[in-house]
Structures are given as structure tokens and as C-alpha cells.
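Undergrad: Below you'll find the structure I mean.
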Amino acid sequence: MGPGLGSLTLGLLPAAAAVLAVEIDPRLAGLLPGTVAERRPDLADRLTVVTADALRVQELPGPPPTALVANLPYNVAVPVLLHLLELLPTLDRALILVQAEVAERLAAAPGSSAYGVPSAKAAWYGEVRRAGAVGRKVFWPEPNVDSGLVALVRRPPPPGDRPATFAVVDAAFAMRRKSLRGALARWAGSPAAAETRLRAAGIDPATRGEQLSVADFARLAATAPVDP
């Protein structure tokens, strides 16, 4: 995703049977095949370039991709990752470079201060871990933030409905300092209804969202609504 001038693309071509590059900038997308043809003409036939916004793309040409490797724009890193994981079920692994703070959030475990919406939603798709740190001096121009590598290995999601689970995650962290009884009051219809559904899922209503795993959120989302 976002191959830019092609430095990472050139490194991927020898290691992959095919590389599909998605670039939003038409000028860069037009230049990339020429760069590859000049520097690695023996591998040029492995590259396909699609001019599109990775956040909005709905289909891709060629064989279904199995790996995502990207230096993602920091302001859209999480939405792009989640979108592609949902769009492309054949992706069984990912390695992305993001802002260090985003890397921490994506890989955070329940109970940690960094755990939140990105952590829980990424965990729906797979096991996430920090894979390394990247200092700002390796970039030109030099950014004002450090970066981190995040690795994801896909695993089956927990039993449940993804949109319903994500709705509970969003509600729980919208007011993360509140207990789930209060934070989920609007989602459930009232604090009492939230407590009923929490207890039905085997969750203490006094717990905060940061204590729940994605499997807990899925189980809670599957509980029956409470009549007003």
C-alpha cells in the first residue's frame, strides 16, 4: 500500500511471486513501473500497480493477496489496516510501519493503558505484536515522530458478529473512564439494561472497557437486547 517511489516495492519483488501496489497519487503510480523496469527488469512482470485510495478500494485485480506490507500514512493507518483485513480474507499476515504511538495501541493487551479501540478491533482479525522500532532519522524529510513495526498473524475471529462487536467496542471506549454499566447505557438503552446484558455475558458491570478482550466484547454483543 502506498508504494511511493518504490524503495519497499523493489525489496519485495525478489521475495514474492507477485506484488500488488496500491497508490493514491496518479503521478507516482505512473512512475513506479518505470522505476522497476529500470532497476529490476527481470522482476518487472511481478508488479501490478493500482491507482486507488487504499481506504476506499473495494476490489483488486489478480490472485487474492496473502500478505500486507506497507508504510502507512500515520493519520489513516488504523482505518486502512482494518479495511483491508475485512476486504481481503485471504490476507493471513501483515507487517506495517506506523507511528510509534499507534504501534503501541495496536499491539496493546487488555488491561494496559494503551489498550483501546484499535487494539480490540485489530485483535478481531489476528494476533498482533510489536515487531521493531524505527527512528525518525531513517526518513527524508525527517518526521517529528518515531515509528514502529507491527506484525499481525490472522486467526479465526471469536464467535459473533463483527459489526455488532465493533459497535460495543466503540461505545465502551467512548467513555473509557466510566464503568461499563455507565459507558454502555446508550448502547443498551439504559444503565439497568447495560447491567443486565453485562451480567448475561458473565461480565462485572463495574468493569471498564480496557479490561475486556475482543472475545468478551463479542460475547456481550451477542446477548439479547433488554425490553424497555
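Numbering starts fresh at 1 for the residues of each chain in the C-alpha cells, the chains themselves are lettered A, B, ... in the order given, and ligands are numbered from 1 as they appear.
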Considering only strand (DSSP E or B) as DSSP defines it on the backbone, what residues of chain A qualify? List them as JSON, numbers by chain.

TA: {"A": [19, 20, 21, 22, 23, 47, 48, 49, 50, 51, 67, 68, 69, 70, 71, 93, 94, 95, 96, 97, 98, 99, 126, 127, 128, 129, 130, 131, 132, 133, 134, 147, 148, 149, 150, 151, 152, 153, 154]}

Undergrad: For Thr48 (chain A), please output as number ranges by chain all residues within 10 Å (counting only C-alpha atoms; exclusion window: fewer than 4 positions along the same chain).

TA: A: 18-22, 32-33, 44, 61-62

Undergrad: Return the single residue from A:Pro65, A:Pro41, A:Pro205, A:Gly135 that is closest to Pro191 (chain A), with distances computed using only C-alpha atoms.

TA: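 Using only C-alpha atoms, the shortest distance to Pro191 (chain A) belongs to A:Pro205.
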
Undergrad: Which residues, written as a PyMOL selection string, have at least one atom at most 9 Å from Val168 (chain A), with only C-alpha atoms counted and residues fewer than 3 positions away on the same chain left out?

TA: chain A and resi 163-165+171-173+184+187+217-218+220-221

Undergrad: When you draw a straight line from CA of Pro89 (chain A) to CA of Trp124 (chain A), how long is it in Å?

TA: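 Computed distance, CA of Pro89 (chain A) to CA of Trp124 (chain A), equals 12.4 Å.
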
Undergrad: Using only C-alpha atoms, which of the listed residues (A:Arg154, A:Arg40, A:Arg136, A:Arg93) sits closest to Ala123 (chain A)?

TA: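 Closest to Ala123 (chain A) of all the choices is A:Arg154.
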
Undergrad: Rounded to one decimal, what separation in Å do you get between CA of Ala183 (chain A) and CA of Arg219 (chain A)?

TA: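 Separation of CA of Ala183 (chain A) and CA of Arg219 (chain A): 16.9 Å.
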
Undergrad: In Å, with one decimal, what is the gap from CA of Tyr74 (chain A) to CA of Arg46 (chain A)?

TA: 27.9 Å

Undergrad: Would you please extract all helix (DSSP H, G or I) residues from chain A, as assigned by DSSP on the backbone, and give them as a PyMOL selection string?

TA: chain A and resi 7-15+26-39+41-46+74-87+100-107+117-125+136-138+162-174+180-183+185-188+191-200+209-211+214-221

Undergrad: Restricting the calculation to only C-alpha atoms, which member of A:Arg130, A:Lys137, A:Lys121, A:Arg199 is positioned closest to Leu180 (chain A)?

TA: A:Arg199

Undergrad: Write out as a list in words which residues come within 12 Å of Val57 (chain A) when counting only C-alpha atoms, dropping same-chain ones fewer than 2 positions away.

TA: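 In the requested form, the answer reads Met1, Val22, Glu23, Ile24, Val50, Thr51, Ala52, Asp53, Ala54, Leu55, Glu59, Leu60, Pro61, Val80, His83, Leu84, Glu86, Leu87 and Leu88 of chain A.
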
Undergrad: Skip Asp204 (chain A) itself and residues of its chain fewer than 3 positions away, then list as a PyMOL selection string all residues within 10 Å of it, counting only C-alpha atoms.

TA: chain A and resi 179-181+195+198-201+207-208

Undergrad: Quick one: residues within 9 Å of Arg105 (chain A), only C-alpha atoms counted, chain neighbours fewer than 2 positions away excluded, as a ChimeraX atom specification?

TA: /A:100-103,107-109,113-119

Undergrad: Let's have the selection written as an mmCIF file, in the first residue's frame, with C-alpha atoms.

TA:
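For reference, part-v1.cif as written:
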```cif
data_model
loop_
_atom_site.group_PDB
_atom_site.id
_atom_site.type_symbol
_atom_site.label_atom_id
_atom_site.label_comp_id
_atom_site.auth_asym_id
_atom_site.auth_seq_id
_atom_site.Cartn_x
_atom_site.Cartn_y
_atom_site.Cartn_z
ATOM 1 C CA ALA A 100 5.219 4.501 17.406
ATOM 2 C CA GLU A 101 2.182 5.502 19.469
ATOM 3 C CA VAL A 102 -0.148 3.803 17.001
ATOM 4 C CA ALA A 103 2.008 0.680 17.059
ATOM 5 C CA ALA A 107 -0.449 -4.287 19.913
ATOM 6 C CA ALA A 108 -1.707 -3.428 23.419
ATOM 7 C CA ALA A 109 -3.187 -6.182 25.565
ATOM 8 C CA SER A 113 -3.235 1.849 29.452
ATOM 9 C CA ALA A 114 -2.689 1.797 25.668
ATOM 10 C CA TYR A 115 -5.455 -0.750 25.078
ATOM 11 C CA GLY A 116 -8.447 0.688 23.263
ATOM 12 C CA VAL A 117 -10.473 0.660 20.059
ATOM 13 C CA PRO A 118 -7.536 -0.066 17.688
ATOM 14 C CA SER A 119 -6.287 -2.891 19.919
#
```
